>>> print(open('run-v1.cif').read())   # mmCIF, C-alpha atoms
data_run
loop_
_atom_site.group_PDB
_atom_site.id
_atom_site.type_symbol
_atom_site.label_atom_id
_atom_site.label_comp_id
_atom_site.auth_asym_id
_atom_site.auth_seq_id
_atom_site.Cartn_x
_atom_site.Cartn_y
_atom_site.Cartn_z
ATOM 1 C CA MET X 4 98.767 91.212 130.857
ATOM 2 C CA ARG X 5 101.124 90.648 133.785
ATOM 3 C CA THR X 6 100.116 93.495 136.066
ATOM 4 C CA GLY X 7 101.866 94.834 139.152
ATOM 5 C CA ILE X 8 100.083 97.117 141.585
ATOM 6 C CA ILE X 9 102.367 99.222 143.752
ATOM 7 C CA VAL X 10 101.329 99.458 147.387
ATOM 8 C CA PHE X 11 102.690 102.327 149.487
ATOM 9 C CA PRO X 12 101.774 102.932 153.122
ATOM 10 C CA GLY X 13 98.451 104.749 152.791
ATOM 11 C CA THR X 14 97.507 103.425 149.350
ATOM 12 C CA TRP X 15 93.782 102.668 149.361
ATOM 13 C CA SER X 16 92.720 101.714 145.832
ATOM 14 C CA ASP X 17 95.084 98.780 145.276
ATOM 15 C CA ARG X 18 92.400 96.140 145.807
ATOM 16 C CA ASP X 19 89.913 97.932 143.582
ATOM 17 C CA CYS X 20 92.545 97.912 140.825
ATOM 18 C CA ALA X 21 93.291 94.225 141.421
ATOM 19 C CA HIS X 22 89.570 93.426 141.280
ATOM 20 C CA ALA X 23 89.232 95.186 137.926
ATOM 21 C CA VAL X 24 92.246 93.465 136.360
ATOM 22 C CA LEU X 25 92.045 90.032 137.999
ATOM 23 C CA ASP X 26 88.346 89.390 138.589
ATOM 24 C CA VAL X 27 86.786 91.384 135.773
ATOM 25 C CA LEU X 28 89.418 91.045 133.031
ATOM 26 C CA GLN X 29 90.877 87.711 134.195
ATOM 27 C CA GLU X 30 94.457 88.953 133.868
ATOM 28 C CA PRO X 31 97.203 88.035 136.373
ATOM 29 C CA VAL X 32 97.996 90.548 139.127
ATOM 30 C CA ARG X 33 100.581 90.831 141.838
ATOM 31 C CA TYR X 34 100.976 93.437 144.540
ATOM 32 C CA ILE X 35 104.365 95.145 144.655
ATOM 33 C CA ASP X 36 105.498 96.376 148.060
ATOM 34 C CA HIS X 37 107.018 99.873 148.044
ATOM 35 C CA ARG X 38 110.264 98.414 149.449
ATOM 36 C CA GLU X 39 110.773 96.052 146.519
ATOM 37 C CA GLN X 40 113.537 96.987 144.126
ATOM 38 C CA ASN X 41 112.469 95.496 140.845
ATOM 39 C CA VAL X 42 109.383 95.137 138.709
ATOM 40 C CA ASP X 43 110.891 92.537 136.391
ATOM 41 C CA GLY X 44 108.535 90.380 134.391
ATOM 42 C CA LEU X 45 105.660 92.835 134.474
ATOM 43 C CA GLU X 46 103.912 94.337 131.469
ATOM 44 C CA LEU X 47 101.799 96.912 133.286
ATOM 45 C CA VAL X 48 102.542 98.815 136.488
ATOM 46 C CA ILE X 49 99.665 100.575 138.227
ATOM 47 C CA LEU X 50 100.216 103.264 140.853
ATOM 48 C CA PRO X 51 96.820 103.310 142.546
ATOM 49 C CA GLY X 52 95.006 106.019 144.436
ATOM 50 C CA GLY X 53 95.244 106.760 148.125
ATOM 51 C CA PHE X 54 97.204 108.925 150.489
ATOM 52 C CA SER X 55 100.731 107.549 150.291
ATOM 53 C CA TYR X 56 102.752 108.480 153.372
ATOM 54 C CA GLY X 57 99.769 110.473 154.621
ATOM 55 C CA ASP X 58 100.191 112.956 151.761
ATOM 56 C CA TYR X 59 102.631 114.698 154.111
ATOM 57 C CA LEU X 60 104.536 117.661 152.671
ATOM 58 C CA ARG X 61 102.855 117.262 149.239
ATOM 59 C CA CYS X 62 100.808 114.478 147.677
ATOM 60 C CA GLY X 63 103.273 111.952 146.278
ATOM 61 C CA ALA X 64 106.393 113.809 147.453
ATOM 62 C CA ILE X 65 107.602 111.063 149.794
ATOM 63 C CA ALA X 66 106.359 108.097 147.733
ATOM 64 C CA ARG X 67 108.476 109.306 144.865
ATOM 65 C CA PHE X 68 111.585 108.271 146.851
ATOM 66 C CA ALA X 69 110.327 104.799 147.803
ATOM 67 C CA PRO X 70 112.818 102.063 146.808
ATOM 68 C CA VAL X 71 110.455 100.649 144.161
ATOM 69 C CA MET X 72 110.208 103.946 142.287
ATOM 70 C CA GLU X 73 113.648 103.681 140.735
ATOM 71 C CA ALA X 74 112.588 100.388 139.154
ATOM 72 C CA VAL X 75 109.300 101.958 138.021
ATOM 73 C CA ALA X 76 111.201 104.830 136.369
ATOM 74 C CA ASP X 77 113.504 102.366 134.559
ATOM 75 C CA PHE X 78 110.483 100.321 133.492
ATOM 76 C CA ALA X 79 108.751 103.461 132.158
ATOM 77 C CA ASN X 80 111.880 104.605 130.334
ATOM 78 C CA ARG X 81 112.167 101.199 128.672
ATOM 79 C CA GLY X 82 108.635 101.629 127.331
ATOM 80 C CA GLY X 83 106.769 99.597 129.980
ATOM 81 C CA LEU X 84 103.148 100.576 130.508
ATOM 82 C CA VAL X 85 102.540 102.682 133.606
ATOM 83 C CA LEU X 86 99.160 103.972 134.773
ATOM 84 C CA GLY X 87 99.014 106.436 137.669
ATOM 85 C CA ILE X 88 95.535 106.906 139.085
ATOM 86 C CA CYS X 89 94.743 109.810 141.423
ATOM 87 C CA ASN X 90 97.544 109.680 144.045
ATOM 88 C CA GLY X 91 99.472 107.607 141.496
ATOM 89 C CA PHE X 92 99.215 110.522 139.052
ATOM 90 C CA GLN X 93 100.551 112.872 141.737
ATOM 91 C CA ILE X 94 103.456 110.472 142.374
ATOM 92 C CA LEU X 95 104.330 110.260 138.651
ATOM 93 C CA GLN X 96 104.509 114.052 138.519
ATOM 94 C CA GLU X 97 106.651 114.273 141.641
ATOM 95 C CA ALA X 98 108.929 111.654 140.047
ATOM 96 C CA ARG X 99 109.041 113.821 136.890
ATOM 97 C CA LEU X 100 107.756 110.932 134.783
ATOM 98 C CA LEU X 101 104.903 113.267 133.821
ATOM 99 C CA PRO X 102 104.928 117.077 133.654
ATOM 100 C CA GLY X 103 102.930 119.561 135.714
ATOM 101 C CA ALA X 104 101.527 119.366 139.225
ATOM 102 C CA LEU X 105 98.175 118.847 140.935
ATOM 103 C CA LEU X 106 97.073 121.627 143.256
ATOM 104 C CA ARG X 107 94.328 121.735 145.834
ATOM 105 C CA ASN X 108 90.878 121.741 144.230
ATOM 106 C CA ALA X 109 89.716 125.276 143.428
ATOM 107 C CA SER X 110 86.688 124.680 145.674
ATOM 108 C CA CYS X 111 88.966 123.628 148.572
ATOM 109 C CA GLU X 112 86.600 120.648 148.900
ATOM 110 C CA PHE X 113 87.197 116.930 148.478
ATOM 111 C CA ARG X 114 85.139 115.966 145.442
ATOM 112 C CA CYS X 115 83.741 112.447 145.177
ATOM 113 C CA GLU X 116 81.341 112.217 142.240
ATOM 114 C CA TRP X 117 80.772 110.886 138.725
ATOM 115 C CA VAL X 118 82.293 112.962 135.953
ATOM 116 C CA HIS X 119 82.325 112.805 132.178
ATOM 117 C CA LEU X 120 85.619 112.658 130.332
ATOM 118 C CA ARG X 121 86.279 113.405 126.703
ATOM 119 C CA VAL X 122 88.976 111.264 125.151
ATOM 120 C CA GLU X 123 91.288 113.681 123.369
ATOM 121 C CA GLN X 124 93.912 111.252 122.263
ATOM 122 C CA SER X 125 93.616 107.621 121.221
ATOM 123 C CA ASN X 126 97.364 107.164 120.689
ATOM 124 C CA SER X 127 98.203 106.574 124.346
ATOM 125 C CA ALA X 128 98.519 102.958 125.490
ATOM 126 C CA PHE X 129 95.458 103.397 127.709
ATOM 127 C CA THR X 130 93.082 104.977 125.167
ATOM 128 C CA LEU X 131 93.896 102.860 122.127
ATOM 129 C CA ASP X 132 90.396 101.334 122.122
ATOM 130 C CA CYS X 133 88.679 104.730 122.348
ATOM 131 C CA ARG X 134 87.904 107.086 119.518
ATOM 132 C CA PRO X 135 88.849 110.761 119.878
ATOM 133 C CA GLY X 136 85.860 112.677 121.169
ATOM 134 C CA GLN X 137 84.349 109.647 122.900
ATOM 135 C CA VAL X 138 82.811 110.448 126.309
ATOM 136 C CA LEU X 139 83.521 108.184 129.286
ATOM 137 C CA ARG X 140 81.679 108.222 132.597
ATOM 138 C CA ILE X 141 84.081 107.539 135.476
ATOM 139 C CA PRO X 142 84.139 108.755 139.113
ATOM 140 C CA ILE X 143 86.627 111.075 140.786
ATOM 141 C CA SER X 144 87.558 111.093 144.456
ATOM 142 C CA HIS X 145 90.175 113.661 145.416
ATOM 143 C CA GLY X 146 91.014 116.894 147.192
ATOM 144 C CA GLU X 147 94.038 117.787 145.117
ATOM 145 C CA GLY X 148 93.409 117.214 141.423
ATOM 146 C CA ASN X 149 93.636 120.750 140.104
ATOM 147 C CA PHE X 150 95.977 120.300 137.141
ATOM 148 C CA PHE X 151 98.613 122.984 136.748
ATOM 149 C CA ALA X 152 101.510 123.441 134.337
ATOM 150 C CA ASP X 153 103.292 126.608 133.280
ATOM 151 C CA ALA X 154 102.276 128.165 129.962
ATOM 152 C CA GLN X 155 105.184 126.670 128.044
ATOM 153 C CA THR X 156 104.557 123.132 129.333
ATOM 154 C CA LEU X 157 100.840 123.452 128.664
ATOM 155 C CA PHE X 158 101.528 124.570 125.115
ATOM 156 C CA ALA X 159 103.837 121.603 124.536
ATOM 157 C CA LEU X 160 101.315 119.137 126.022
ATOM 158 C CA GLU X 161 98.594 120.368 123.671
ATOM 159 C CA ARG X 162 100.871 120.565 120.641
ATOM 160 C CA ASP X 163 102.276 117.069 121.141
ATOM 161 C CA GLY X 164 98.930 115.411 121.807
ATOM 162 C CA GLN X 165 99.724 114.515 125.407
ATOM 163 C CA VAL X 166 96.401 115.714 126.798
ATOM 164 C CA VAL X 167 94.550 112.402 126.972
ATOM 165 C CA LEU X 168 91.365 113.202 128.916
ATOM 166 C CA ARG X 169 89.382 116.368 129.657
ATOM 167 C CA TYR X 170 86.449 116.908 132.015
ATOM 168 C CA CYS X 171 83.377 117.585 129.906
ATOM 169 C CA ALA X 172 79.595 117.773 129.878
ATOM 170 C CA PRO X 173 77.678 114.529 129.125
ATOM 171 C CA ASP X 174 77.507 115.579 125.458
ATOM 172 C CA GLY X 175 81.278 116.049 125.250
ATOM 173 C CA ARG X 176 81.405 119.829 125.394
ATOM 174 C CA VAL X 177 84.318 121.074 127.508
ATOM 175 C CA THR X 178 82.715 123.624 129.834
ATOM 176 C CA ALA X 179 83.648 125.458 133.025
ATOM 177 C CA GLU X 180 80.672 123.798 134.787
ATOM 178 C CA SER X 181 81.980 120.323 134.036
ATOM 179 C CA ASN X 182 85.386 121.079 135.576
ATOM 180 C CA PRO X 183 85.236 119.628 139.118
ATOM 181 C CA ASN X 184 88.493 120.982 140.497
ATOM 182 C CA GLY X 185 89.761 124.016 138.589
ATOM 183 C CA SER X 186 92.170 122.094 136.341
ATOM 184 C CA LEU X 187 93.734 124.205 133.603
ATOM 185 C CA ARG X 188 91.957 123.528 130.297
ATOM 186 C CA ASN X 189 89.796 120.902 132.063
ATOM 187 C CA ILE X 190 92.718 118.470 131.957
ATOM 188 C CA ALA X 191 91.906 115.177 133.716
ATOM 189 C CA GLY X 192 94.676 112.972 132.315
ATOM 190 C CA ILE X 193 97.929 113.291 130.379
ATOM 191 C CA SER X 194 100.566 111.018 128.903
ATOM 192 C CA ASN X 195 104.300 111.233 128.391
ATOM 193 C CA ALA X 196 105.587 111.888 124.869
ATOM 194 C CA ARG X 197 105.827 108.178 124.073
ATOM 195 C CA GLY X 198 102.302 107.437 125.308
ATOM 196 C CA ASN X 199 103.286 104.503 127.544
ATOM 197 C CA VAL X 200 102.898 106.452 130.803
ATOM 198 C CA VAL X 201 99.497 107.944 131.636
ATOM 199 C CA GLY X 202 98.346 109.789 134.743
ATOM 200 C CA MET X 203 94.703 110.546 135.445
ATOM 201 C CA MET X 204 92.709 111.801 138.416
ATOM 202 C CA PRO X 205 89.484 109.820 137.761
ATOM 203 C CA HIS X 206 89.289 106.187 138.904
ATOM 204 C CA PRO X 207 88.742 103.790 135.965
ATOM 205 C CA GLU X 208 88.971 100.789 138.343
ATOM 206 C CA ARG X 209 85.774 101.996 140.013
ATOM 207 C CA ALA X 210 83.840 101.929 136.734
ATOM 208 C CA CYS X 211 84.414 98.374 135.539
ATOM 209 C CA GLU X 212 81.113 96.608 136.209
ATOM 210 C CA PRO X 213 77.430 97.379 135.596
ATOM 211 C CA LEU X 214 76.867 97.029 139.350
ATOM 212 C CA LEU X 215 79.132 100.030 139.899
ATOM 213 C CA GLY X 216 77.171 102.180 137.475
ATOM 214 C CA SER X 217 79.573 102.165 134.539
ATOM 215 C CA GLU X 218 81.928 99.898 132.640
ATOM 216 C CA ASP X 219 83.698 102.730 130.841
ATOM 217 C CA GLY X 220 86.829 102.303 132.961
ATOM 218 C CA LEU X 221 87.447 98.937 131.316
ATOM 219 C CA MET X 222 88.291 100.729 128.075
ATOM 220 C CA LEU X 223 91.552 101.916 129.626
ATOM 221 C CA PHE X 224 92.628 98.484 130.847
ATOM 222 C CA ARG X 225 91.546 96.766 127.615
ATOM 223 C CA SER X 226 93.489 99.366 125.638
ATOM 224 C CA ALA X 227 96.601 98.423 127.611
ATOM 225 C CA ILE X 228 96.101 94.750 126.699
ATOM 226 C CA HIS X 229 95.834 95.707 123.028
ATOM 227 C CA ALA X 230 98.822 98.049 123.247
ATOM 228 C CA LEU X 231 100.909 95.143 124.558
ATOM 229 C CA ALA X 232 99.731 92.894 121.734
ATOM 230 C CA ARG X 233 100.729 95.568 119.271
ATOM 231 C CA VAL X 234 104.220 95.844 120.760
ATOM 232 C CA ALA X 235 104.606 92.062 120.673
ATOM 233 C CA ILE X 236 103.891 92.046 116.936
ATOM 234 C CA MET R 3 128.312 123.710 164.401
ATOM 235 C CA ARG R 4 124.625 123.453 165.013
ATOM 236 C CA TYR R 5 122.212 125.544 162.994
ATOM 237 C CA ARG R 6 118.544 126.257 163.079
ATOM 238 C CA ALA R 7 117.031 126.704 159.648
ATOM 239 C CA GLU R 8 113.612 128.075 158.825
ATOM 240 C CA ILE R 9 112.298 127.214 155.388
ATOM 241 C CA PHE R 10 109.356 129.075 153.922
ATOM 242 C CA VAL R 11 107.697 127.325 150.987
ATOM 243 C CA THR R 12 105.199 129.393 149.007
ATOM 244 C CA LEU R 13 103.295 128.915 145.788
ATOM 245 C CA LYS R 14 104.801 130.768 142.830
ATOM 246 C CA PRO R 15 103.020 134.048 142.049
ATOM 247 C CA VAL R 16 101.530 132.582 138.824
ATOM 248 C CA VAL R 17 99.996 129.619 140.688
ATOM 249 C CA ASN R 18 96.432 130.013 141.905
ATOM 250 C CA ASP R 19 96.084 129.534 145.672
ATOM 251 C CA PRO R 20 92.558 128.376 146.598
ATOM 252 C CA ALA R 21 93.465 128.105 150.291
ATOM 253 C CA GLY R 22 94.795 131.678 150.361
ATOM 254 C CA LEU R 23 91.638 132.931 148.618
ATOM 255 C CA THR R 24 89.447 131.105 151.132
ATOM 256 C CA ILE R 25 91.385 132.556 154.072
ATOM 257 C CA LYS R 26 91.057 136.015 152.536
ATOM 258 C CA GLY R 27 87.299 135.456 152.289
ATOM 259 C CA GLY R 28 87.267 134.527 155.982
ATOM 260 C CA LEU R 29 89.133 137.692 156.913
ATOM 261 C CA TYR R 30 86.654 139.752 154.886
ATOM 262 C CA ALA R 31 83.777 138.061 156.691
ATOM 263 C CA LEU R 32 85.346 139.235 159.960
ATOM 264 C CA GLY R 33 85.539 142.800 158.659
ATOM 265 C CA PHE R 34 89.257 142.885 157.814
ATOM 266 C CA ASP R 35 88.529 144.449 154.458
ATOM 267 C CA SER R 36 91.919 146.130 154.085
ATOM 268 C CA VAL R 37 93.444 142.766 153.116
ATOM 269 C CA THR R 38 94.242 142.709 149.405
ATOM 270 C CA GLU R 39 95.913 139.300 149.156
ATOM 271 C CA VAL R 40 96.573 136.149 151.204
ATOM 272 C CA ARG R 41 99.037 133.461 150.119
ATOM 273 C CA ALA R 42 99.159 130.259 152.162
ATOM 274 C CA GLY R 43 102.365 128.255 152.383
ATOM 275 C CA LYS R 44 104.418 125.890 154.495
ATOM 276 C CA TYR R 45 106.825 126.677 157.292
ATOM 277 C CA LEU R 46 109.466 124.106 158.212
ATOM 278 C CA VAL R 47 112.029 124.305 161.025
ATOM 279 C CA LEU R 48 115.112 122.108 160.855
ATOM 280 C CA THR R 49 118.147 121.792 163.073
ATOM 281 C CA LEU R 50 121.297 120.440 161.513
ATOM 282 C CA GLU R 51 124.994 119.963 162.181
ATOM 283 C CA GLU R 52 127.328 121.367 159.536
ATOM 284 C CA PRO R 53 130.925 122.705 159.622
ATOM 285 C CA ASP R 54 129.918 126.218 158.615
ATOM 286 C CA ALA R 55 127.025 128.366 157.417
ATOM 287 C CA ALA R 56 127.932 128.092 153.716
ATOM 288 C CA GLN R 57 127.814 124.308 153.814
ATOM 289 C CA ALA R 58 124.623 124.356 155.849
ATOM 290 C CA ARG R 59 122.995 126.591 153.260
ATOM 291 C CA ALA R 60 124.211 124.428 150.372
ATOM 292 C CA ARG R 61 122.761 121.317 152.042
ATOM 293 C CA LEU R 62 119.465 123.062 152.709
ATOM 294 C CA ASP R 63 119.264 124.201 149.086
ATOM 295 C CA ASP R 64 119.706 120.565 148.032
ATOM 296 C CA MET R 65 116.986 119.451 150.436
ATOM 297 C CA ALA R 66 114.591 122.107 149.171
ATOM 298 C CA ARG R 67 115.239 121.284 145.532
ATOM 299 C CA GLN R 68 114.974 117.514 145.976
ATOM 300 C CA LEU R 69 112.101 117.254 148.407
ATOM 301 C CA LEU R 70 110.902 120.192 150.477
ATOM 302 C CA ALA R 71 109.619 122.329 147.571
ATOM 303 C CA ASN R 72 108.242 121.350 144.170
ATOM 304 C CA ALA R 73 109.911 123.674 141.656
ATOM 305 C CA VAL R 74 106.961 123.300 139.271
ATOM 306 C CA ILE R 75 104.671 125.229 141.610
ATOM 307 C CA GLU R 76 106.641 126.480 144.617
ATOM 308 C CA ASP R 77 109.392 128.886 145.643
ATOM 309 C CA TYR R 78 111.346 128.630 148.870
ATOM 310 C CA ARG R 79 113.334 130.910 151.142
ATOM 311 C CA ILE R 80 115.837 129.776 153.762
ATOM 312 C CA GLU R 81 116.787 131.594 156.962
ATOM 313 C CA LEU R 82 119.707 130.226 158.921
ATOM 314 C CA GLU R 83 121.100 130.931 162.375
ATOM 315 C CA PRO R 84 123.698 129.206 164.572
ATOM 316 C CA ILE R 85 122.321 127.853 167.840
ATOM 317 C CA GLY R 86 123.548 126.983 171.328
ATOM 318 C CA ASP R 87 127.108 125.739 171.007
ATOM 319 C CA PRO R 88 128.644 126.756 174.336
ATOM 320 C CA VAL R 89 132.210 125.882 173.281
ATOM 321 C CA ALA R 90 131.991 127.889 170.087
ATOM 322 C CA ALA R 91 130.540 130.765 172.075
ATOM 323 C CA GLY R 92 133.624 130.781 174.306
ATOM 324 C CA GLU R 93 131.906 129.299 177.331
ATOM 325 C CA ARG R 94 133.161 126.253 179.182
ATOM 326 C CA PRO R 95 130.886 123.711 180.795
ATOM 327 C CA ALA R 96 131.005 124.025 184.600
#
>>> encode(input="run-v1.cif", output="structure tokens")
Amino acid sequence: MRTGIIVFPGTWSDRDCAHAVLDVLQEPVRYIDHREQNVDGLELVILPGGFSYGDYLRCGAIARFAPVMEAVADFANRGGLVLGICNGFQILQEARLLPGALLRNASCEFRCEWVHLRVEQSNSAFTLDCRPGQVLRIPISHGEGNFFADAQTLFALERDGQVVLRYCAPDGRVTAESNPNGSLRNIAGISNARGNVVGMMPHPERACEPLLGSEDGLMLFRSAIHALARVAI
Amino acid sequence: MRYRAEIFVTLKPVVNDPAGLTIKGGLYALGFDSVTEVRAGKYLVLTLEEPDAAQARARLDDMARQLLANAVIEDYRIELEPIGDPVAAGERPA
């Protein structure tokens, strides 16, 4: 799985993502500078977490106009696999590759903790290996992950099966207590209609080895490998 | 012509504003219990050169739509005023 990891000024999770893909999964990785203008030859593009451009104005608002983003949008529209994690999710929304927005956490606090996620949808390229209802344990680390979309958009997301992950209790129940940031309907991750672009606030790259406390994050990357194999057939 | 523009970016009424709620709580703690709502937002000041006010406003609308506000969650309001152009004001440099 030829993987490109976009690096903006202020990105901080690029090396964690590279470690997960290159060292753990043994798949080739290259870093893509934000000033590059093509992502040719790649099969997966990751927009990692961080604070691109200092999160000035709004999270992801400036990154969205980086030279590389036009190529990422073309790649996504051609069906290329794109995973936006945390700040990457915010950037995908600012770029209108995914709907909705991420507001400041309801608590007004930065939350850095393990959460449980219920897989709602196994049709997306990043949840192919999961079964609906499966619970993953993956950490979050953000101050602005409070998912918002207007009523009409929310309705369409639910109807079309684009809600991929929800914050839940360890047993899979979706409860107010398990919602770490005030997200509408406990939404932690969504996909586009085609399922090749996914944005999520939790960090799967930080849950890829037993040493880190969980390997559940690998499911997302392995799913992408299998999604590519499926396309190739 | 040089203009000074003030742009007020606020969350749409339907969007929850945790920062505003927290500020309201702070005001209550200080005894300002007549406050019924606080909405936090952003305030931007720009200066720009444009031929006239209509074009300045059109440019600012473009800027707000493309970058300064996120239409999914925010509204914006623009206030515009001409600033210090001594020639336009009929004055001549000494």
>>> resolve_selection(input="run-v1.cif", expression="the PyMOL selection byres ((chain X) within 9 of (chain R))", output="PyMOL selection string")
chain X and resi 60-61+64-65+97+102-104+106-111+151-153
>>> resolve_selection(input="run-v1.cif", expression="the PyMOL selection byres ((chain R and resi 49) around 12)", output="MDAnalysis selection string")
chainID R and resid 3:9 46:48 50:52 58:59 61:62 81:86
>>> closest_residue(input="run-v1.cif", among="X:Gly175, X:Pro12, X:Pro142, X:Gly192", to="Asp219 (chain X)", atoms="all atoms listed in the file")
X:Pro142
>>> atom_distance(input="run-v1.cif", atom1="CA of Pro135 (chain X)", atom2="CA of Asn184 (chain X)")
23.0 Å
>>> atom_distance(input="run-v1.cif", atom1="CA of Tyr170 (chain X)", atom2="CA of Val118 (chain X)")
7.0 Å
>>> resolve_selection(input="run-v1.cif", expression="the PyMOL selection byres ((chain R and resi 38) around 12)", output="PyMOL selection string")
chain R and resi 22-23+25-27+29-30+34-37+39-41
>>> residues_around(input="run-v1.cif", residues="region 17-30 of chain X", least_positions_apart="6", cutoff="6 Å", atoms="only C-alpha atoms", output="MDAnalysis selection string")
chainID X and resid 4 51 208
>>> residues_around(input="run-v1.cif", residues="Asp58 (chain X)", least_positions_apart="5", cutoff="12 Å", atoms="only C-alpha atoms", output="ChimeraX atom specification")
/X:11-14,52-53,63-67,90-91,93-94,145-147
>>> axis_aligned_box(input="run-v1.cif", around="region 22-27 of chain R", padding_each_side="5 Å", output="AutoDock Vina command-line options")
--center_x 91.0 --center_y 133.6 --center_z 151.3 --size_x 17.5 --size_y 14.9 --size_z 15.5
>>> closest_residue(input="run-v1.cif", among="X:Pro213, X:Val200, X:Ile49, X:Asn149", to="Leu187 (chain X)", atoms="all atoms listed in the file")
X:Asn149
>>> atom_distance(input="run-v1.cif", atom1="CA of Gln155 (chain X)", atom2="CA of Ala196 (chain X)")
15.1 Å
>>> residues_around(input="run-v1.cif", residues="Ala172 (chain X)", least_positions_apart="4", cutoff="8 Å", atoms="all atoms listed in the file", output="PyMOL selection string")
chain X and resi 119-120+176-178+180-181
>>> write_last_selection(input="run-v1.cif", atoms="C-alpha atoms", output="PDB file, keeping the file's coordinate frame")
ATOM      1  CA  HIS X 119      82.325 112.805 132.178  1.00  0.00           C
ATOM      2  CA  LEU X 120      85.619 112.658 130.332  1.00  0.00           C
ATOM      3  CA  ARG X 176      81.405 119.829 125.394  1.00  0.00           C
ATOM      4  CA  VAL X 177      84.318 121.074 127.508  1.00  0.00           C
ATOM      5  CA  THR X 178      82.715 123.624 129.834  1.00  0.00           C
ATOM      6  CA  GLU X 180      80.672 123.798 134.787  1.00  0.00           C
ATOM      7  CA  SER X 181      81.980 120.323 134.036  1.00  0.00           C
TER       8      SER X 181
END
>>> residues_around(input="run-v1.cif", residues="Gly87 (chain X)", least_positions_apart="6", cutoff="7 Å", atoms="all atoms listed in the file", output="count of residues only")
7
>>> build_atoms(input="run-v1.cif", residues="region 163-175 of chain X", atoms="N, CA and C atoms", output="PDB file, in the coordinates of the input")
ATOM      1  N   ASP X 163     101.771 118.419 121.363  1.00  0.00           N
ATOM      2  CA  ASP X 163     102.276 117.069 121.141  1.00  0.00           C
ATOM      3  C   ASP X 163     101.240 115.984 121.406  1.00  0.00           C
ATOM      4  N   GLY X 164     100.000 116.403 121.622  1.00  0.00           N
ATOM      5  CA  GLY X 164      98.930 115.411 121.807  1.00  0.00           C
ATOM      6  C   GLY X 164      99.063 114.601 123.081  1.00  0.00           C
ATOM      7  N   GLN X 165      99.559 115.233 124.144  1.00  0.00           N
ATOM      8  CA  GLN X 165      99.724 114.515 125.407  1.00  0.00           C
ATOM      9  C   GLN X 165      98.566 114.744 126.373  1.00  0.00           C
ATOM     10  N   VAL X 166      97.617 115.589 125.981  1.00  0.00           N
ATOM     11  CA  VAL X 166      96.401 115.714 126.798  1.00  0.00           C
ATOM     12  C   VAL X 166      95.493 114.559 126.387  1.00  0.00           C
ATOM     13  N   VAL X 167      95.272 113.631 127.302  1.00  0.00           N
ATOM     14  CA  VAL X 167      94.550 112.402 126.972  1.00  0.00           C
ATOM     15  C   VAL X 167      93.060 112.518 127.303  1.00  0.00           C
ATOM     16  N   LEU X 168      92.750 113.108 128.455  1.00  0.00           N
ATOM     17  CA  LEU X 168      91.365 113.202 128.916  1.00  0.00           C
ATOM     18  C   LEU X 168      91.056 114.604 129.432  1.00  0.00           C
ATOM     19  N   ARG X 169      89.845 115.085 129.113  1.00  0.00           N
ATOM     20  CA  ARG X 169      89.382 116.368 129.657  1.00  0.00           C
ATOM     21  C   ARG X 169      88.015 116.187 130.305  1.00  0.00           C
ATOM     22  N   TYR X 170      87.776 116.885 131.405  1.00  0.00           N
ATOM     23  CA  TYR X 170      86.449 116.908 132.015  1.00  0.00           C
ATOM     24  C   TYR X 170      85.499 117.605 131.047  1.00  0.00           C
ATOM     25  N   CYS X 171      84.317 117.012 130.867  1.00  0.00           N
ATOM     26  CA  CYS X 171      83.377 117.585 129.906  1.00  0.00           C
ATOM     27  C   CYS X 171      81.938 117.386 130.374  1.00  0.00           C
ATOM     28  N   ALA X 172      81.019 117.998 129.644  1.00  0.00           N
ATOM     29  CA  ALA X 172      79.595 117.773 129.878  1.00  0.00           C
ATOM     30  C   ALA X 172      79.233 116.410 129.286  1.00  0.00           C
ATOM     31  N   PRO X 173      78.047 115.853 129.645  1.00  0.00           N
ATOM     32  CA  PRO X 173      77.678 114.529 129.125  1.00  0.00           C
ATOM     33  C   PRO X 173      77.706 114.449 127.596  1.00  0.00           C
ATOM     34  N   ASP X 174      77.498 115.594 126.923  1.00  0.00           N
ATOM     35  CA  ASP X 174      77.507 115.579 125.458  1.00  0.00           C
ATOM     36  C   ASP X 174      78.900 115.815 124.877  1.00  0.00           C
ATOM     37  N   GLY X 175      79.915 115.922 125.743  1.00  0.00           N
ATOM     38  CA  GLY X 175      81.278 116.049 125.250  1.00  0.00           C
ATOM     39  C   GLY X 175      81.802 117.473 125.165  1.00  0.00           C
TER      40      GLY X 175
END
